[in-house]
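Colleague: File run_14.txt below, compact mmCIF, C-alpha atoms:
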```txt
# COMPACT_ATOMS: atom_id res chain seq x y z
CA MET A 168 7.62 -11.30 -27.46
CA ALA A 169 8.34 -8.21 -29.55
CA VAL A 170 6.50 -5.25 -28.06
CA PRO A 171 4.69 -3.09 -30.66
CA PHE A 172 5.77 0.37 -29.55
CA PRO A 173 4.00 3.34 -31.18
CA GLU A 174 5.39 4.47 -34.53
CA GLN A 175 5.23 8.16 -33.53
CA PRO A 176 5.90 8.12 -29.78
CA GLN A 177 6.47 11.86 -29.41
CA GLN A 178 3.14 12.64 -31.05
CA LEU A 179 1.45 10.19 -28.70
CA SER A 180 3.20 11.69 -25.67
CA ASP A 181 2.17 15.22 -26.59
CA GLU A 182 -1.42 14.11 -27.17
CA ILE A 183 -1.75 12.25 -23.85
CA ALA A 184 -0.08 15.03 -21.86
CA GLU A 185 -2.47 17.56 -23.37
CA LEU A 186 -5.53 15.39 -22.72
CA THR A 187 -4.41 14.81 -19.13
CA GLU A 188 -3.98 18.54 -18.62
CA ARG A 189 -7.32 19.43 -20.23
CA HIS A 190 -9.54 16.64 -18.92
CA LEU A 191 -7.93 14.93 -15.92
CA ASN A 192 -5.55 16.83 -13.67
CA PRO A 193 -3.63 19.92 -14.86
CA GLY A 194 -1.40 20.04 -11.80
CA LEU A 195 -0.42 16.40 -12.07
CA ALA A 196 0.31 16.81 -15.78
CA LYS A 197 2.78 19.58 -14.97
CA VAL A 198 4.51 17.45 -12.33
CA LEU A 199 4.88 14.49 -14.70
CA ARG A 200 6.25 16.70 -17.45
CA PHE A 201 8.74 18.31 -15.06
CA ALA A 202 9.96 14.88 -13.97
CA GLY A 203 10.52 13.90 -17.60
CA LEU A 204 8.00 11.06 -17.47
CA ASP A 205 6.36 9.78 -20.63
CA VAL A 206 3.35 7.60 -21.40
CA GLU A 207 3.57 4.16 -19.79
CA TRP A 208 3.19 1.53 -22.50
CA TYR A 209 4.26 -1.96 -21.48
CA ALA A 210 5.19 -3.78 -18.28
CA GLU A 211 6.52 -7.18 -17.33
CA GLY A 212 8.06 -8.51 -14.14
CA CYS A 213 9.95 -5.73 -12.37
CA TYR A 214 10.11 -3.46 -15.43
CA ILE A 215 8.02 -0.77 -17.12
CA TRP A 216 8.61 0.57 -20.63
CA ASP A 217 7.40 3.98 -21.78
CA ALA A 218 6.10 4.81 -25.26
CA GLN A 219 9.62 5.81 -26.32
CA GLY A 220 10.84 2.28 -25.57
CA ARG A 221 12.83 3.27 -22.46
CA ARG A 222 12.96 0.62 -19.73
CA PHE A 223 12.61 1.41 -16.01
CA LEU A 224 13.19 -0.81 -12.99
CA ASP A 225 10.04 -0.38 -10.90
CA CYS A 226 11.07 0.29 -7.30
CA LEU A 227 7.75 1.92 -6.47
CA GLY A 228 5.63 -1.11 -7.30
CA GLY A 229 2.37 0.81 -7.60
CA TYR A 230 2.65 1.82 -3.93
CA GLY A 231 2.69 -1.88 -3.06
CA MET A 232 0.18 -3.06 -5.67
CA PHE A 233 2.71 -4.94 -7.83
CA ALA A 234 3.97 -7.39 -5.21
CA LEU A 235 4.05 -10.08 -7.90
CA GLY A 236 5.48 -7.72 -10.49
CA HIS A 237 3.67 -6.72 -13.66
CA ARG A 238 1.51 -9.18 -15.57
CA HIS A 239 2.54 -12.27 -13.64
CA PRO A 240 1.71 -15.11 -16.08
CA LYS A 241 -0.12 -17.26 -13.54
CA VAL A 242 -2.39 -14.39 -12.51
CA VAL A 243 -3.02 -13.34 -16.10
CA GLU A 244 -3.87 -16.92 -17.06
CA ALA A 245 -6.28 -17.32 -14.11
CA VAL A 246 -8.06 -14.13 -15.13
CA ARG A 247 -8.26 -15.25 -18.76
CA ARG A 248 -9.82 -18.57 -17.74
CA GLN A 249 -12.40 -16.81 -15.59
CA LEU A 250 -13.12 -14.27 -18.33
CA ASP A 251 -14.17 -17.14 -20.58
CA LEU A 252 -16.63 -18.31 -17.92
CA MET A 253 -18.16 -15.33 -16.14
CA PRO A 254 -16.34 -12.06 -15.42
CA MET A 255 -18.93 -10.29 -13.25
CA PRO A 256 -21.36 -11.67 -10.66
CA SER A 257 -25.11 -11.98 -11.03
CA LYS A 258 -25.32 -11.12 -7.29
CA ILE A 259 -28.12 -13.66 -6.92
CA MET A 260 -26.24 -17.00 -6.93
CA PHE A 261 -23.24 -18.48 -5.13
CA ASN A 262 -19.91 -17.10 -6.34
CA ALA A 263 -17.24 -19.82 -6.48
CA PRO A 264 -14.05 -17.70 -6.82
CA GLN A 265 -15.22 -15.38 -4.03
CA ALA A 266 -15.99 -18.24 -1.63
CA ARG A 267 -12.68 -19.96 -2.38
CA LEU A 268 -10.72 -16.74 -1.93
CA ALA A 269 -12.40 -16.09 1.43
CA ALA A 270 -11.47 -19.60 2.54
CA ARG A 271 -7.85 -19.21 1.40
CA LEU A 272 -7.56 -15.89 3.18
CA ALA A 273 -8.95 -17.44 6.37
CA GLU A 274 -6.09 -19.95 6.26
CA ARG A 275 -3.53 -17.14 6.17
CA LEU A 276 -5.09 -14.41 8.31
CA PRO A 277 -3.90 -14.12 11.92
CA GLY A 278 -6.02 -15.60 14.68
CA ASN A 279 -9.57 -16.70 13.93
CA LEU A 280 -10.48 -14.08 11.34
CA GLN A 281 -12.48 -16.50 9.21
CA TYR A 282 -14.90 -14.14 7.43
CA SER A 283 -14.10 -11.63 4.69
CA PHE A 284 -16.00 -9.03 2.68
CA PHE A 285 -14.57 -8.16 -0.74
CA CYS A 286 -14.61 -4.67 -2.23
CA ASN A 287 -12.57 -2.77 -4.80
CA SER A 288 -9.95 -0.75 -2.89
CA GLY A 289 -8.20 -0.14 0.40
CA ALA A 290 -10.34 2.90 1.13
CA GLU A 291 -13.50 0.81 0.69
CA ALA A 292 -12.02 -1.85 2.97
CA VAL A 293 -11.44 0.77 5.66
CA GLU A 294 -14.97 2.12 5.24
CA GLY A 295 -16.33 -1.36 5.83
CA ALA A 296 -14.08 -1.91 8.84
CA LEU A 297 -15.25 1.34 10.45
CA LYS A 298 -18.89 0.37 9.89
CA LEU A 299 -18.25 -3.07 11.34
CA ALA A 300 -16.61 -1.57 14.43
CA ARG A 301 -19.53 0.81 14.97
CA LYS A 302 -22.14 -1.92 14.54
CA ALA A 303 -20.37 -4.49 16.70
CA THR A 304 -19.62 -2.15 19.61
CA GLY A 305 -22.51 0.32 19.43
CA ARG A 306 -19.89 3.07 19.81
CA THR A 307 -18.79 5.88 17.48
CA LYS A 308 -15.39 7.08 18.70
CA PHE A 309 -12.23 6.14 16.77
CA ILE A 310 -8.58 6.65 17.63
CA ALA A 311 -6.18 6.94 14.68
CA THR A 312 -2.63 8.20 14.21
CA LEU A 313 -1.00 11.37 12.95
CA GLY A 314 0.66 10.64 9.63
CA GLY A 315 -1.52 7.58 9.13
CA TYR A 316 -3.10 6.96 5.76
CA HIS A 317 -6.29 4.94 5.27
CA GLY A 318 -7.77 6.41 2.09
CA LYS A 319 -9.54 9.51 0.81
CA THR A 320 -13.23 8.60 0.94
CA LEU A 321 -15.10 10.48 3.65
CA GLY A 322 -14.85 7.87 6.39
CA SER A 323 -11.32 6.70 5.59
CA LEU A 324 -10.16 10.31 5.32
CA SER A 325 -11.62 10.98 8.76
CA VAL A 326 -9.15 8.53 10.30
CA SER A 327 -6.24 9.54 8.06
CA GLY A 328 -3.74 11.82 9.70
CA ARG A 329 -2.61 14.71 7.53
CA GLU A 330 -4.41 18.05 7.63
CA VAL A 331 -3.62 19.06 4.05
CA TYR A 332 -5.97 16.33 2.80
CA ARG A 333 -8.54 16.58 5.59
CA LYS A 334 -9.05 20.33 5.98
CA PRO A 335 -10.75 21.07 2.61
CA PHE A 336 -13.51 18.54 3.38
CA GLU A 337 -14.32 19.26 7.00
CA PRO A 338 -16.52 18.59 8.84
CA LEU A 339 -15.67 14.92 8.42
CA VAL A 340 -17.06 11.94 10.35
CA PRO A 341 -17.25 13.06 13.99
CA GLY A 342 -15.56 11.31 16.89
CA CYS A 343 -12.17 10.67 15.27
CA ILE A 344 -9.12 11.50 17.38
CA HIS A 345 -5.54 11.50 16.07
CA VAL A 346 -2.56 10.77 18.31
CA PRO A 347 1.17 10.39 17.56
CA PHE A 348 2.10 7.11 15.87
CA GLY A 349 4.16 4.73 17.99
CA ASP A 350 3.05 6.37 21.25
CA ALA A 351 0.90 3.92 23.21
CA ASP A 352 0.67 6.37 26.12
CA ALA A 353 -1.12 8.82 23.81
CA VAL A 354 -3.67 6.13 22.98
CA ALA A 355 -4.05 5.33 26.69
CA ALA A 356 -4.80 8.99 27.37
CA HIS A 357 -7.77 9.00 24.97
CA ILE A 358 -9.21 5.50 24.90
CA ASP A 359 -12.35 4.95 26.97
CA HIS A 360 -15.59 3.00 27.06
CA ASP A 361 -16.96 5.12 24.19
CA THR A 362 -14.18 4.02 21.82
CA ALA A 363 -15.31 1.73 19.01
CA ALA A 364 -11.83 1.00 17.67
CA VAL A 365 -8.21 1.97 17.37
CA ILE A 366 -7.11 1.86 13.72
CA VAL A 367 -3.40 1.62 12.94
CA GLU A 368 -0.93 0.55 10.28
CA PRO A 369 1.65 -1.95 11.58
CA ILE A 370 4.17 0.20 9.71
CA GLN A 371 3.12 3.64 8.50
CA GLY A 372 3.40 3.71 4.73
CA GLU A 373 2.47 7.19 3.56
CA GLY A 374 3.64 8.53 6.91
CA GLY A 375 7.21 7.81 5.85
CA ILE A 376 7.80 4.06 6.36
CA ARG A 377 7.74 4.53 10.13
CA ILE A 378 8.27 1.46 12.31
CA PRO A 379 6.82 1.65 15.83
CA PRO A 380 8.51 0.36 19.01
CA ASP A 381 8.24 -3.41 19.51
CA ASP A 382 5.84 -3.02 22.42
CA TYR A 383 3.51 -0.60 20.59
CA LEU A 384 1.03 -3.01 19.00
CA PRO A 385 0.98 -5.33 22.05
CA ARG A 386 0.13 -2.34 24.25
CA LEU A 387 -2.62 -1.24 21.86
CA ARG A 388 -4.01 -4.79 21.99
CA GLU A 389 -4.04 -4.68 25.80
CA LEU A 390 -5.69 -1.24 25.88
CA CYS A 391 -8.41 -2.31 23.43
CA ASP A 392 -9.10 -5.43 25.49
CA ARG A 393 -9.30 -3.40 28.68
CA TYR A 394 -11.88 -0.97 27.31
CA GLY A 395 -13.80 -3.32 25.02
CA ALA A 396 -12.65 -1.50 21.89
CA LEU A 397 -11.62 -3.21 18.67
CA LEU A 398 -8.15 -3.14 17.11
CA ILE A 399 -8.19 -2.57 13.34
CA ALA A 400 -4.93 -3.41 11.56
CA ASP A 401 -4.69 -1.64 8.22
CA GLU A 402 -2.59 -4.13 6.24
CA VAL A 403 -3.34 -2.56 2.86
CA GLN A 404 0.38 -1.89 2.28
CA THR A 405 2.00 -4.26 4.77
CA GLY A 406 -0.03 -7.40 4.07
CA LEU A 407 0.82 -10.49 1.99
CA GLY A 408 4.57 -10.59 2.51
CA ARG A 409 5.61 -6.98 1.97
CA THR A 410 7.53 -6.77 5.26
CA GLY A 411 9.10 -10.22 5.08
CA ARG A 412 6.22 -11.77 7.04
CA TRP A 413 2.72 -12.58 5.80
CA TRP A 414 1.29 -9.72 7.86
CA GLY A 415 2.80 -6.65 9.42
CA VAL A 416 1.34 -7.66 12.80
CA ASP A 417 3.28 -10.94 12.62
CA HIS A 418 6.44 -9.13 13.72
CA THR A 419 4.93 -8.72 17.19
CA GLY A 420 2.48 -11.63 17.30
CA VAL A 421 -0.52 -9.36 17.86
CA ILE A 422 -3.93 -10.63 16.72
CA PRO A 423 -6.17 -7.74 15.57
CA ASP A 424 -9.97 -7.85 15.58
CA ILE A 425 -10.29 -6.59 12.01
CA VAL A 426 -7.79 -6.63 9.14
CA THR A 427 -8.08 -4.50 6.00
CA LEU A 428 -6.31 -5.56 2.82
CA ALA A 429 -6.03 -4.43 -0.82
CA LYS A 430 -3.19 -3.45 -3.21
CA SER A 431 -1.26 -6.71 -3.75
CA LEU A 432 -4.31 -8.95 -3.29
CA GLY A 433 -5.22 -8.49 -6.97
CA GLY A 434 -1.84 -9.79 -8.11
CA GLY A 435 -1.14 -6.52 -9.91
CA VAL A 436 -3.80 -7.36 -12.51
CA LEU A 437 -7.18 -6.39 -11.02
CA PRO A 438 -8.33 -4.15 -8.15
CA ILE A 439 -9.66 -5.87 -5.05
CA GLY A 440 -9.82 -5.08 -1.34
CA SER A 441 -11.20 -6.81 1.73
CA PHE A 442 -11.90 -6.50 5.41
CA SER A 443 -11.91 -9.57 7.64
CA ALA A 444 -13.03 -10.43 11.16
CA SER A 445 -14.08 -13.26 13.47
CA GLU A 446 -17.47 -14.97 13.60
CA PRO A 447 -18.86 -12.98 16.58
CA LEU A 448 -18.07 -9.65 14.91
CA TRP A 449 -19.43 -10.88 11.58
CA ASN A 450 -22.67 -11.94 13.22
CA ALA A 451 -22.95 -8.54 14.87
CA MET A 452 -22.70 -6.92 11.43
CA PHE A 453 -24.60 -9.33 9.19
CA GLY A 454 -26.54 -11.57 11.56
CA ASP A 455 -29.82 -9.66 11.38
CA ASN A 456 -29.41 -8.37 7.83
CA PRO A 457 -26.99 -10.12 5.44
CA LEU A 458 -27.34 -7.18 3.03
CA LEU A 459 -26.42 -4.50 5.55
CA HIS A 460 -23.18 -3.80 3.68
CA THR A 461 -22.92 -4.60 -0.05
CA SER A 462 -20.93 -3.76 -3.19
CA THR A 463 -22.03 -4.18 -6.80
CA PHE A 464 -18.55 -4.87 -8.15
CA GLY A 465 -16.97 -6.14 -4.94
CA GLY A 466 -16.06 -9.81 -4.97
CA ASN A 467 -16.51 -10.14 -8.72
CA GLU A 468 -15.28 -13.38 -10.26
CA LEU A 469 -12.42 -11.81 -12.23
CA ALA A 470 -10.90 -10.03 -9.24
CA CYS A 471 -11.30 -13.05 -6.97
CA ALA A 472 -9.68 -15.32 -9.57
CA ALA A 473 -6.74 -12.89 -9.58
CA GLY A 474 -6.66 -12.97 -5.77
CA LEU A 475 -6.60 -16.76 -5.64
CA ALA A 476 -3.76 -16.88 -8.15
CA ALA A 477 -1.86 -14.20 -6.27
CA LEU A 478 -1.98 -16.13 -2.99
CA GLN A 479 -0.85 -19.27 -4.80
CA VAL A 480 2.11 -17.48 -6.41
CA ILE A 481 3.21 -15.90 -3.11
CA GLU A 482 3.28 -19.34 -1.52
CA GLU A 483 4.76 -21.37 -4.39
CA GLU A 484 7.48 -18.88 -5.27
CA GLY A 485 8.50 -18.15 -1.67
CA LEU A 486 7.93 -14.42 -2.08
CA VAL A 487 7.59 -13.73 1.65
CA GLU A 488 11.04 -15.20 2.19
CA ASN A 489 12.43 -13.41 -0.86
CA ALA A 490 11.14 -10.10 0.46
CA GLN A 491 13.09 -10.70 3.65
CA VAL A 492 16.34 -11.75 1.94
CA VAL A 493 16.42 -9.15 -0.86
CA GLY A 494 14.96 -6.49 1.42
CA THR A 495 17.75 -6.99 3.95
CA ALA A 496 20.39 -6.65 1.22
CA LEU A 497 18.71 -3.53 -0.19
CA LEU A 498 18.33 -1.99 3.26
CA ASN A 499 21.98 -2.60 4.14
CA GLY A 500 23.15 -1.11 0.85
CA LEU A 501 21.02 1.99 1.28
CA ARG A 502 22.37 2.46 4.79
CA GLN A 503 25.89 2.41 3.41
CA VAL A 504 24.97 5.26 1.06
CA GLN A 505 23.43 7.14 3.99
CA ALA A 506 26.63 6.70 5.99
CA GLU A 507 28.59 8.27 3.13
CA TYR A 508 26.29 11.31 2.88
CA PRO A 509 24.83 11.94 6.36
CA ASP A 510 24.47 15.64 5.56
CA PHE A 511 22.05 14.73 2.77
CA ILE A 512 20.29 11.57 3.99
CA GLN A 513 18.97 11.54 7.54
CA GLU A 514 17.90 7.90 7.95
CA VAL A 515 17.14 4.66 6.14
CA ARG A 516 14.57 2.33 7.69
CA GLY A 517 12.28 -0.52 6.74
CA ARG A 518 11.28 -4.15 6.92
CA GLY A 519 11.36 -6.58 4.04
CA LEU A 520 10.77 -4.71 0.79
CA MET A 521 9.04 -1.78 2.46
CA ILE A 522 11.85 0.76 2.80
CA GLY A 523 11.98 4.49 3.41
CA ILE A 524 14.90 6.88 2.85
CA GLU A 525 14.46 10.13 4.77
CA PHE A 526 16.32 13.20 3.53
CA HIS A 527 17.05 16.32 5.52
CA GLU A 528 14.92 18.41 3.13
CA PRO A 529 12.02 17.51 0.80
CA ASP A 530 13.89 19.09 -2.14
CA PHE A 531 16.77 16.65 -1.61
CA GLY A 532 14.45 13.71 -2.10
CA GLU A 533 12.68 15.24 -5.08
CA LEU A 534 15.98 15.89 -6.87
CA THR A 535 17.14 12.36 -6.10
CA ILE A 536 13.93 10.86 -7.52
CA THR A 537 14.31 12.92 -10.70
CA ASN A 538 17.87 11.67 -11.14
CA MET A 539 16.82 8.08 -10.49
CA ILE A 540 14.13 8.28 -13.18
CA GLN A 541 16.67 9.68 -15.64
CA ARG A 542 18.86 6.65 -14.87
CA GLY A 543 16.06 4.12 -15.31
CA VAL A 544 14.69 3.49 -11.81
CA ILE A 545 11.22 4.55 -10.63
CA ALA A 546 10.62 5.66 -7.05
CA ALA A 547 8.41 8.23 -5.30
CA TYR A 548 8.08 10.07 -2.02
CA THR A 549 5.54 9.14 0.65
CA LEU A 550 2.29 11.07 0.59
CA ASN A 551 2.28 12.25 4.22
CA ASN A 552 6.02 12.87 4.51
CA PRO A 553 7.60 14.41 1.38
CA LYS A 554 11.09 14.09 2.89
CA VAL A 555 10.89 10.30 2.54
CA ILE A 556 11.49 8.31 -0.66
CA ARG A 557 9.87 4.90 -0.54
CA MET A 558 11.16 1.73 -2.13
CA GLU A 559 8.43 -0.89 -2.48
CA PRO A 560 9.57 -2.99 -5.45
CA PRO A 561 7.89 -6.25 -6.45
CA LEU A 562 8.56 -9.13 -4.08
CA ILE A 563 10.00 -11.02 -7.06
CA MET A 564 12.98 -8.63 -7.20
CA THR A 565 16.32 -10.40 -7.54
CA ARG A 566 19.60 -9.57 -5.81
CA GLU A 567 20.98 -8.39 -9.15
CA GLN A 568 18.08 -5.99 -9.66
CA ALA A 569 18.52 -4.72 -6.10
CA GLU A 570 22.22 -4.08 -6.81
CA PHE A 571 21.31 -2.07 -9.91
CA ALA A 572 18.79 -0.03 -7.91
CA LEU A 573 21.42 0.64 -5.26
CA GLN A 574 23.96 1.85 -7.81
CA VAL A 575 21.42 4.15 -9.45
CA PHE A 576 20.37 5.49 -6.06
CA ALA A 577 23.96 6.20 -5.05
CA ASP A 578 24.72 7.94 -8.36
CA SER A 579 21.51 9.96 -8.08
CA VAL A 580 22.32 11.07 -4.55
CA VAL A 581 25.72 12.30 -5.70
CA ALA A 582 24.18 14.21 -8.63
CA ALA A 583 21.42 15.72 -6.49
CA ARG A 584 23.82 16.65 -3.70
CA ASN A 585 26.19 18.32 -6.15
CA LEU A 586 23.32 20.38 -7.57
CA VAL A 587 22.20 21.40 -4.08
CA GLN A 588 25.70 22.56 -3.21
CA GLU A 589 26.00 24.36 -6.53
CA VAL A 590 22.78 26.37 -6.33
CA GLY A 591 22.34 26.45 -2.56
CA ILE A 592 19.02 24.58 -2.17
CA GLY A 593 17.92 23.64 1.33
```
Written as structure tokens, that's how I'd like the structure from this file.

Modeller:
Amino acid sequence: MAVPFPEQPQQLSDEIAELTERHLNPGLAKVLRFAGLDVEWYAEGCYIWDAQGRRFLDCLGGYGMFALGHRHPKVVEAVRRQLDLMPMPSKIMFNAPQARLAARLAERLPGNLQYSFFCNSGAEAVEGALKLARKATGRTKFIATLGGYHGKTLGSLSVSGREVYRKPFEPLVPGCIHVPFGDADAVAAHIDHDTAAVIVEPIQGEGGIRIPPDDYLPRLRELCDRYGALLIADEVQTGLGRTGRWWGVDHTGVIPDIVTLAKSLGGGVLPIGSFSASEPLWNAMFGDNPLLHTSTFGGNELACAAGLAALQVIEEEGLVENAQVVGTALLNGLRQVQAEYPDFIQEVRGRGLMIGIEFHEPDFGELTITNMIQRGVIAAYTLNNPKVIRMEPPLIMTREQAEFALQVFADSVVAARNLVQEVGIG
């Protein structure tokens, strides 16, 4: 279809930038202006168009939200059908899309995690998981990881692992200990019979796309079993095919006690999150009081309809397998660029379509991102490690689109490296 772009795009851009600066976030407005970014206007598949009509290949994917790309027709249609019936729940009757989504998730979740609670975000999912762990164990101590990211609400921030976000809001929830990611011995040194849970990402996302040793999650599982603690797998970024498997934990065969999920579950159309666990844990949480943990908007019919459609698309279109195939090609190509410029790029790592490129200096990555945007590819650095650019494109990405992204990345590295050498940055 012909997209109706604004007749006076520059006027619109100036207006929105000014409103953002005056009423939303002045600092963010300055960053977006510096990067040369305009007003986002239209999106479809793997592409975003700004108000000026410029097209960008989306290699950020909403930090993992757009696993199915933008406006996937099957998800949009499912939401439209539900909108004509009932968009929001009465909260007093049975909710068909919510029940069906819980059942479909139970078919895909590892182990016997047959119960799910639906909320609106990953942070809310983590909050619920922490509450569940406290209630089920009667304990209050949590072990989390440095560089880990679980959200910015009070509880989720307490188990997130970067001081710059935690310090302004201390004291946070007590009893949270942070240890180095990938170091099972560090967990062993702190876990005890007062520990409610160990919470961990199978691959650290905001920490810089960090992949732990193969024996890391199995050792955490064994430690939790030994001390009667629960293992919480934060699959908000890694879940639903992102890493080339349905779940990040599938790479090691570990079965967690609780799984948190969000981002891609809404099919890139509506926000939805969840936390899931087995029947004994669920009974410990809700057995005496089924309203002990609730959410007004959580599990609404529209979001659950989107979730059902998203799971169907992932299965029918083979997106888990595509993430593995295209991700391998993208990873290999990026490593070739790294081998050409080892003085600029330190390492390339990832699984599936969850890839991180670590530069020797944060400025190197920032300049590369700016050049990529100018050439029509969107990427961003990871929140807890500014030296790392992430690539988390939609799982529908084709080999041809990956080749274009690789070429733009290589050209941007050359341009950024030349500028660094010219002005002496780093």

Colleague: What does the distance from atom CA of A:Arg189 to atom CA of A:Pro173 come to in Å, to one decimal?

Modeller: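 Going from atom CA of A:Arg189 over to atom CA of A:Pro173, I get 22.5 Å.
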
Colleague: Applying 9 Å and only C-alpha atoms, which residues near A:Phe172 remain after dropping the ones on its own chain fewer than 4 positions away? List them as a ChimeraX atom specification.

Modeller: /A:176,208-209,217-220

Colleague: My list of candidates is A:Asn192, A:Gln175, A:Thr410, A:Ser283. Which is closest to A:Phe453 when distances are computed with all atoms listed in the file?

Modeller: A:Ser283

Colleague: List every protein, DNA or RNA residue that has at least one atom no more than 7 Å from (-3.5, -0.2, 24.3) in the file's coordinates, counting all atoms listed in the file, and write the result as a list in words.

Modeller: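 Applying the cut-off with all atoms listed in the file, one gets Ala351, Val354, Ala355, Arg386, Leu387, Arg388, Glu389, Leu390 and Cys391 of chain A.
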
Colleague: Quick one: everything within 10 Å of A:Arg412, counting all atoms listed in the file, minus sequence neighbours fewer than 3 positions away in the same chain. Send it as a compact mmCIF listing (two decimals) with C-alpha atoms, keeping the file's coordinate frame.

Modeller:
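Saved as around-v4.txt:
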```
# COMPACT_ATOMS: atom_id res chain seq x y z
CA THR A 405 2.00 -4.26 4.77
CA GLY A 406 -0.03 -7.40 4.07
CA LEU A 407 0.82 -10.49 1.99
CA GLY A 408 4.57 -10.59 2.51
CA ARG A 409 5.61 -6.98 1.97
CA GLY A 415 2.80 -6.65 9.42
CA VAL A 416 1.34 -7.66 12.80
CA ASP A 417 3.28 -10.94 12.62
CA HIS A 418 6.44 -9.13 13.72
CA LEU A 486 7.93 -14.42 -2.08
CA VAL A 487 7.59 -13.73 1.65
CA GLU A 488 11.04 -15.20 2.19
CA ALA A 490 11.14 -10.10 0.46
CA GLN A 491 13.09 -10.70 3.65
CA ARG A 518 11.28 -4.15 6.92
CA GLY A 519 11.36 -6.58 4.04
```
